[in-house]
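Below: target-v3.pdb (PDB, C-alpha atoms)
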ATOM      1  CA  MET P  10      28.826   3.834 -11.726  1.00  0.00           C
ATOM      2  CA  GLN P  11      27.901   5.614  -8.485  1.00  0.00           C
ATOM      3  CA  GLU P  12      24.201   5.018  -9.208  1.00  0.00           C
ATOM      4  CA  THR P  13      24.902   1.275  -9.462  1.00  0.00           C
ATOM      5  CA  ASN P  14      26.744   1.347  -6.122  1.00  0.00           C
ATOM      6  CA  GLU P  15      23.882   3.230  -4.491  1.00  0.00           C
ATOM      7  CA  LYS P  16      21.352   0.705  -5.813  1.00  0.00           C
ATOM      8  CA  THR P  17      23.527  -2.174  -4.615  1.00  0.00           C
ATOM      9  CA  GLN P  18      23.815  -0.601  -1.158  1.00  0.00           C
ATOM     10  CA  GLU P  19      20.053  -0.008  -1.088  1.00  0.00           C
ATOM     11  CA  MET P  20      19.410  -3.652  -2.013  1.00  0.00           C
ATOM     12  CA  ILE P  21      21.828  -4.880   0.675  1.00  0.00           C
ATOM     13  CA  HIS P  22      20.149  -2.661   3.279  1.00  0.00           C
ATOM     14  CA  HIS P  23      16.741  -3.967   2.201  1.00  0.00           C
ATOM     15  CA  LEU P  24      17.818  -7.611   2.431  1.00  0.00           C
ATOM     16  CA  GLU P  25      19.251  -6.947   5.888  1.00  0.00           C
ATOM     17  CA  ALA P  26      15.851  -5.582   6.954  1.00  0.00           C
ATOM     18  CA  VAL P  27      14.095  -8.640   5.495  1.00  0.00           C
ATOM     19  CA  ASN P  28      16.587 -10.891   7.300  1.00  0.00           C
ATOM     20  CA  GLU P  29      15.822  -9.118  10.580  1.00  0.00           C
ATOM     21  CA  ILE P  30      12.115  -9.815  10.057  1.00  0.00           C
ATOM     22  CA  LEU P  31      12.857 -13.463   9.305  1.00  0.00           C
ATOM     23  CA  GLU P  32      15.055 -13.730  12.416  1.00  0.00           C
ATOM     24  CA  ARG P  33      12.437 -12.082  14.652  1.00  0.00           C
ATOM     25  CA  ASN P  34      10.105 -14.824  13.451  1.00  0.00           C
ATOM     26  CA  ASN P  35      12.724 -17.560  14.020  1.00  0.00           C
ATOM     27  CA  ASN P  36      12.803 -18.372  10.288  1.00  0.00           C
ATOM     28  CA  ASP P  37       9.660 -20.365  11.034  1.00  0.00           C
ATOM     29  CA  PRO P  38       7.604 -21.304   7.952  1.00  0.00           C
ATOM     30  CA  SER P  39       4.489 -21.497  10.149  1.00  0.00           C
ATOM     31  CA  ARG P  40       4.905 -17.722  10.675  1.00  0.00           C
ATOM     32  CA  LEU P  41       4.724 -16.976   6.956  1.00  0.00           C
ATOM     33  CA  ILE P  42       1.705 -14.669   7.235  1.00  0.00           C
ATOM     34  CA  PRO P  43       3.199 -12.451   9.979  1.00  0.00           C
ATOM     35  CA  ILE P  44       6.493 -12.404   8.070  1.00  0.00           C
ATOM     36  CA  LEU P  45       4.759 -11.231   4.895  1.00  0.00           C
ATOM     37  CA  GLN P  46       2.731  -8.687   6.875  1.00  0.00           C
ATOM     38  CA  GLN P  47       5.873  -7.191   8.384  1.00  0.00           C
ATOM     39  CA  ILE P  48       7.637  -7.059   5.027  1.00  0.00           C
ATOM     40  CA  GLN P  49       4.621  -5.435   3.404  1.00  0.00           C
ATOM     41  CA  GLU P  50       4.422  -2.903   6.228  1.00  0.00           C
ATOM     42  CA  MET P  51       8.018  -1.968   5.444  1.00  0.00           C
ATOM     43  CA  ASP P  52       7.776  -2.032   1.622  1.00  0.00           C
ATOM     44  CA  LYS P  53       4.051  -1.301   1.082  1.00  0.00           C
ATOM     45  CA  TYR P  54       3.872  -4.416  -1.154  1.00  0.00           C
ATOM     46  CA  LEU P  55       5.440  -7.822  -1.769  1.00  0.00           C
ATOM     47  CA  SER P  56       7.769  -7.920  -4.758  1.00  0.00           C
ATOM     48  CA  LYS P  57       8.488 -11.086  -6.731  1.00  0.00           C
ATOM     49  CA  ASP P  58      12.089 -10.892  -5.521  1.00  0.00           C
ATOM     50  CA  VAL P  59      11.007 -10.753  -1.872  1.00  0.00           C
ATOM     51  CA  ILE P  60       8.605 -13.652  -2.364  1.00  0.00           C
ATOM     52  CA  SER P  61      11.434 -15.744  -3.840  1.00  0.00           C
ATOM     53  CA  TYR P  62      13.865 -14.679  -1.126  1.00  0.00           C
ATOM     54  CA  VAL P  63      11.440 -15.522   1.680  1.00  0.00           C
ATOM     55  CA  ALA P  64      10.673 -18.885   0.091  1.00  0.00           C
ATOM     56  CA  THR P  65      14.380 -19.723  -0.111  1.00  0.00           C
ATOM     57  CA  ALA P  66      15.051 -18.491   3.430  1.00  0.00           C
ATOM     58  CA  LEU P  67      12.179 -20.558   4.851  1.00  0.00           C
ATOM     59  CA  ASP P  68      12.921 -23.543   2.607  1.00  0.00           C
ATOM     60  CA  VAL P  69       9.395 -23.648   1.192  1.00  0.00           C
ATOM     61  CA  PRO P  70       8.302 -23.562  -2.444  1.00  0.00           C
ATOM     62  CA  ALA P  71       7.958 -20.070  -3.910  1.00  0.00           C
ATOM     63  CA  SER P  72       4.542 -21.170  -5.168  1.00  0.00           C
ATOM     64  CA  HIS P  73       3.440 -21.622  -1.537  1.00  0.00           C
ATOM     65  CA  VAL P  74       4.548 -18.120  -0.551  1.00  0.00           C
ATOM     66  CA  TYR P  75       2.950 -16.690  -3.699  1.00  0.00           C
ATOM     67  CA  GLY P  76      -0.247 -18.634  -2.969  1.00  0.00           C
ATOM     68  CA  VAL P  77      -0.494 -17.137   0.515  1.00  0.00           C
ATOM     69  CA  ALA P  78       0.306 -13.647  -0.804  1.00  0.00           C
ATOM     70  CA  THR P  79      -2.412 -13.857  -3.460  1.00  0.00           C
ATOM     71  CA  PHE P  80      -5.033 -15.594  -1.311  1.00  0.00           C
ATOM     72  CA  TYR P  81      -5.328 -12.866   1.306  1.00  0.00           C
ATOM     73  CA  ALA P  82      -6.715  -9.533   0.123  1.00  0.00           C
ATOM     74  CA  HIS P  83      -4.517  -7.734   2.654  1.00  0.00           C
ATOM     75  CA  PHE P  84      -1.413  -8.446   0.595  1.00  0.00           C
ATOM     76  CA  SER P  85      -0.453  -6.508  -2.506  1.00  0.00           C
ATOM     77  CA  LEU P  86       1.942  -7.596  -5.238  1.00  0.00           C
ATOM     78  CA  ASN P  87       2.019  -4.108  -6.717  1.00  0.00           C
ATOM     79  CA  PRO P  88       3.817  -1.071  -5.290  1.00  0.00           C
ATOM     80  CA  LYS P  89       1.618   1.194  -3.207  1.00  0.00           C
ATOM     81  CA  GLY P  90       1.938   4.865  -2.606  1.00  0.00           C
ATOM     82  CA  LYS P  91       3.207   6.531   0.532  1.00  0.00           C
ATOM     83  CA  HIS P  92      -0.346   7.660   1.323  1.00  0.00           C
ATOM     84  CA  ILE P  93      -3.190   5.150   1.096  1.00  0.00           C
ATOM     85  CA  ILE P  94      -6.699   6.395   0.360  1.00  0.00           C
ATOM     86  CA  ARG P  95      -9.564   3.958   0.921  1.00  0.00           C
ATOM     87  CA  LEU P  96     -12.877   5.156  -0.421  1.00  0.00           C
ATOM     88  CA  CYS P  97     -16.020   3.288   0.515  1.00  0.00           C
ATOM     89  CA  ASP P  98     -18.445   2.457  -2.265  1.00  0.00           C
ATOM     90  CA  GLY P  99     -20.806   0.338  -0.175  1.00  0.00           C
ATOM     91  CA  THR P 100     -24.539   0.941  -0.439  1.00  0.00           C
ATOM     92  CA  ALA P 101     -24.789   3.793   2.080  1.00  0.00           C
ATOM     93  CA  CYS P 102     -21.735   5.596   0.689  1.00  0.00           C
ATOM     94  CA  HIS P 103     -22.756   5.017  -2.917  1.00  0.00           C
ATOM     95  CA  VAL P 104     -26.241   6.424  -2.265  1.00  0.00           C
ATOM     96  CA  LYS P 105     -24.630   9.453  -0.610  1.00  0.00           C
ATOM     97  CA  LYS P 106     -22.581  10.040  -3.765  1.00  0.00           C
ATOM     98  CA  SER P 107     -19.141   8.577  -3.052  1.00  0.00           C
ATOM     99  CA  HIS P 108     -18.746   8.407  -6.842  1.00  0.00           C
ATOM    100  CA  GLY P 109     -18.288  12.192  -6.875  1.00  0.00           C
ATOM    101  CA  ILE P 110     -15.299  11.817  -4.569  1.00  0.00           C
ATOM    102  CA  LEU P 111     -13.984   8.948  -6.691  1.00  0.00           C
ATOM    103  CA  ASN P 112     -14.227  10.997  -9.885  1.00  0.00           C
ATOM    104  CA  MET P 113     -12.411  13.920  -8.258  1.00  0.00           C
ATOM    105  CA  LEU P 114      -9.632  11.628  -6.983  1.00  0.00           C
ATOM    106  CA  TYR P 115      -9.268   9.997 -10.389  1.00  0.00           C
ATOM    107  CA  LYS P 116      -8.919  13.384 -12.046  1.00  0.00           C
ATOM    108  CA  LYS P 117      -6.742  15.043  -9.376  1.00  0.00           C
ATOM    109  CA  LEU P 118      -4.328  12.107  -9.075  1.00  0.00           C
ATOM    110  CA  ASP P 119      -4.430  10.982 -12.728  1.00  0.00           C
ATOM    111  CA  LEU P 120      -5.797   7.554 -11.782  1.00  0.00           C
ATOM    112  CA  ASN P 121      -8.490   5.322 -13.266  1.00  0.00           C
ATOM    113  CA  ASP P 122     -10.118   1.895 -12.896  1.00  0.00           C
ATOM    114  CA  GLU P 123      -6.859   0.181 -13.903  1.00  0.00           C
ATOM    115  CA  VAL P 124      -4.257   2.543 -12.413  1.00  0.00           C
ATOM    116  CA  HIS P 125      -4.573   2.892  -8.635  1.00  0.00           C
ATOM    117  CA  THR P 126      -1.175   4.328  -7.685  1.00  0.00           C
ATOM    118  CA  THR P 127       0.257   7.641  -8.807  1.00  0.00           C
ATOM    119  CA  LYS P 128       3.401   7.541 -10.933  1.00  0.00           C
ATOM    120  CA  ASP P 129       5.419   9.208  -8.166  1.00  0.00           C
ATOM    121  CA  LEU P 130       4.232   6.556  -5.674  1.00  0.00           C
ATOM    122  CA  MET P 131       2.767   9.291  -3.489  1.00  0.00           C
ATOM    123  CA  PHE P 132      -0.844   8.016  -3.417  1.00  0.00           C
ATOM    124  CA  THR P 133      -2.700   4.741  -3.817  1.00  0.00           C
ATOM    125  CA  LEU P 134      -6.469   4.733  -4.124  1.00  0.00           C
ATOM    126  CA  GLU P 135      -8.397   1.660  -3.030  1.00  0.00           C
ATOM    127  CA  LEU P 136     -12.123   1.427  -3.644  1.00  0.00           C
ATOM    128  CA  VAL P 137     -13.593  -0.784  -0.915  1.00  0.00           C
ATOM    129  CA  SER P 138     -17.005  -2.367  -0.403  1.00  0.00           C
ATOM    130  CA  CYS P 139     -17.439  -1.271   3.202  1.00  0.00           C
ATOM    131  CA  LEU P 140     -15.474   0.527   5.882  1.00  0.00           C
ATOM    132  CA  GLY P 141     -18.011  -0.209   8.610  1.00  0.00           C
ATOM    133  CA  ALA P 142     -18.954   3.414   9.196  1.00  0.00           C
ATOM    134  CA  CYS P 143     -22.219   3.666   7.273  1.00  0.00           C
ATOM    135  CA  GLY P 144     -23.596   6.334   9.605  1.00  0.00           C
ATOM    136  CA  LEU P 145     -20.791   8.633   8.439  1.00  0.00           C
ATOM    137  CA  ALA P 146     -21.389   8.057   4.720  1.00  0.00           C
ATOM    138  CA  PRO P 147     -19.734   8.812   2.434  1.00  0.00           C
ATOM    139  CA  VAL P 148     -16.551   7.678   4.159  1.00  0.00           C
ATOM    140  CA  MET P 149     -12.925   7.967   3.137  1.00  0.00           C
ATOM    141  CA  VAL P 150      -9.911   6.710   5.070  1.00  0.00           C
ATOM    142  CA  LEU P 151      -6.636   8.495   4.414  1.00  0.00           C
ATOM    143  CA  ASP P 152      -3.546   7.024   6.072  1.00  0.00           C
ATOM    144  CA  ASP P 153      -5.752   5.210   8.614  1.00  0.00           C
ATOM    145  CA  VAL P 154      -7.663   8.368   9.598  1.00  0.00           C
ATOM    146  CA  VAL P 155     -11.429   8.161   8.985  1.00  0.00           C
ATOM    147  CA  TYR P 156     -13.128  11.100   7.292  1.00  0.00           C
ATOM    148  CA  GLY P 157     -16.900  10.892   7.454  1.00  0.00           C
ATOM    149  CA  GLN P 158     -19.473  12.863   5.503  1.00  0.00           C
ATOM    150  CA  SER P 159     -16.828  13.449   2.875  1.00  0.00           C
ATOM    151  CA  THR P 160     -17.326  15.565  -0.195  1.00  0.00           C
ATOM    152  CA  PRO P 161     -15.173  16.009  -3.270  1.00  0.00           C
ATOM    153  CA  GLU P 162     -14.129  19.418  -1.931  1.00  0.00           C
ATOM    154  CA  LYS P 163     -13.121  18.097   1.507  1.00  0.00           C
ATOM    155  CA  ALA P 164     -11.222  15.197  -0.053  1.00  0.00           C
ATOM    156  CA  GLU P 165      -9.408  17.507  -2.463  1.00  0.00           C
ATOM    157  CA  ALA P 166      -8.400  19.805   0.410  1.00  0.00           C
ATOM    158  CA  LEU P 167      -6.892  16.812   2.257  1.00  0.00           C
ATOM    159  CA  ILE P 168      -4.945  15.768  -0.843  1.00  0.00           C
ATOM    160  CA  ASP P 169      -3.734  19.336  -1.411  1.00  0.00           C
ATOM    161  CA  GLU P 170      -2.590  19.528   2.222  1.00  0.00           C
ATOM    162  CA  ILE P 171      -0.530  16.339   1.855  1.00  0.00           C
ATOM    163  CA  ILE P 172       0.987  17.523  -1.427  1.00  0.00           C
ATOM    164  CA  ALA P 173       1.974  20.845   0.181  1.00  0.00           C
ATOM    165  CA  LYS P 174       3.560  19.062   3.187  1.00  0.00           C
ATOM    166  CA  GLU P 175       5.463  16.691   0.904  1.00  0.00           C
ATOM    167  CA  LYS P 176       6.850  19.631  -1.081  1.00  0.00           C
ATOM    168  CA  GLU P 177       8.145  21.181   2.159  1.00  0.00           C
ATOM    169  CA  ASN P 178      10.135  18.046   2.940  1.00  0.00           C
TER     170      ASN P 178
END
Take the structure I supplied and represent it as structure tokens, if you would.
Amino acid sequence: MQETNEKTQEMIHHLEAVNEILERNNNDPSRLIPILQQIQEMDKYLSKDVISYVATALDVPASHVYGVATFYAHFSLNPKGKHIIRLCDGTACHVKKSHGILNMLYKKLDLNDEVHTTKDLMFTLELVSCLGACGLAPVMVLDDVVYGQSTPEKAEALIDEIIAKEKEN
């Protein structure tokens, strides 16, 4: 029973936060993209429930909100991990063996081509076409910090460091 109450309280708190975002944007349907961006920044993704709630709050069809959320690559409809890893697989990075880093991350985090987020929601791995830092190839971005001339060993050390810090907390 207490678990149900905690989940209810968590849901209420979440809806209050979504309402604050809507209010900051004057409940203006023309501000749908910034609204979704702010919600995703808070939640790391856009759930079906949030999409429906936003649609109702803005008095627009849910299909419109869903269409915007699926059109822009920036938005995710799937939960993302606390730490986001973006690994470049553009030409320069691929030639400099970014696939070795990818294989290590897949193995270390128990991920694959279909599963991009760890079960504990600690990490999400995104393979990207270009990060715009070809001179630093291979490049990996971890929580918005760029790591150039990466190797599987350097990447693994970064992951291990985060895991150790998370265990301390």
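The two atoms in question, atom CA of Pro88 of chain P and atom CA of Lys53 of chain P, are spaced 6.4 Å apart.
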Check which residues of segment 39-115 of chain P sit at most 12 Å from segment 125-137 of chain P using all atoms listed in the file, and return one row each with the closest pair of atoms and their distance in Å to one decimal, ordered by chain and rising number, as CSV.
residue,atom,partner,partner_atom,distance
P:Asp52,CA,P:Leu130,CA,11.8
P:Lys53,CA,P:Thr133,CA,10.3
P:Tyr54,CA,P:Thr133,CA,11.6
P:Ala82,CA,P:Val137,CA,11.2
P:His83,CA,P:Glu135,CA,11.6
P:Ser85,CA,P:Glu135,CA,11.4
P:Asn87,CA,P:Thr126,CA,9.1
P:Pro88,CA,P:Leu130,CA,7.6
P:Lys89,CA,P:Thr133,CA,5.6
P:Gly90,CA,P:Leu130,CA,4.2
P:Lys91,CA,P:Met131,CA,4.9
P:His92,CA,P:Phe132,CA,4.8
P:Ile93,CA,P:Thr133,CA,5.0
P:Ile94,CA,P:Leu134,CA,4.8
P:Arg95,CA,P:Glu135,CA,4.7
P:Leu96,CA,P:Leu136,CA,5.0
P:Cys97,CA,P:Val137,CA,5.0
P:Asp98,CA,P:Val137,CA,6.0
P:Gly99,CA,P:Val137,CA,7.3
P:Thr100,CA,P:Val137,CA,11.1
P:Cys102,CA,P:Val137,CA,10.5
P:His103,CA,P:Val137,CA,11.0
P:Ser107,CA,P:Leu136,CA,10.0
P:His108,CA,P:Leu136,CA,10.1
P:Ile110,CA,P:Leu136,CA,10.9
P:Leu111,CA,P:Leu136,CA,8.3
P:Asn112,CA,P:Leu134,CA,11.5
P:Met113,CA,P:Leu134,CA,11.7
P:Leu114,CA,P:Leu134,CA,8.1
P:Tyr115,CA,P:Leu134,CA,8.6
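Considering all atoms listed in the file, the residue among P:Ile172, P:Leu167, P:Ala71, P:Val154 positioned nearest to Asp58 of chain P is P:Ala71.
Nearest residue to Asp169 of chain P, choosing from P:Leu151, P:Glu29, P:Ser56, P:Lys117 and counting only C-alpha atoms: P:Lys117.
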Explicit residue set for the PyMOL selection byres ((chain P and resi 156) around 12), as a ChimeraX atom specification: /P:94-97,140,142-155,157-161,163-164,167
For atom CA of Gly76 of chain P and atom CA of Val63 of chain P, the interatomic separation in Å (one decimal): 13.0 Å
Who sits within 9 Å of Ile42 of chain P, all atoms listed in the file, same chain under 5 positions skipped, as an NGL selection string: :P and (47 or 74 or 77-78)
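Computed from the coordinates, the atom CA of Asp37 of chain P to atom CA of Met20 of chain P distance equals 23.3 Å.
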Residues matched by the PyMOL selection byres ((chain P and resi 48) around 12), written as a ChimeraX atom specification: /P:23-31,33-34,41-47,49-56,59-60,62-63,78,84-86
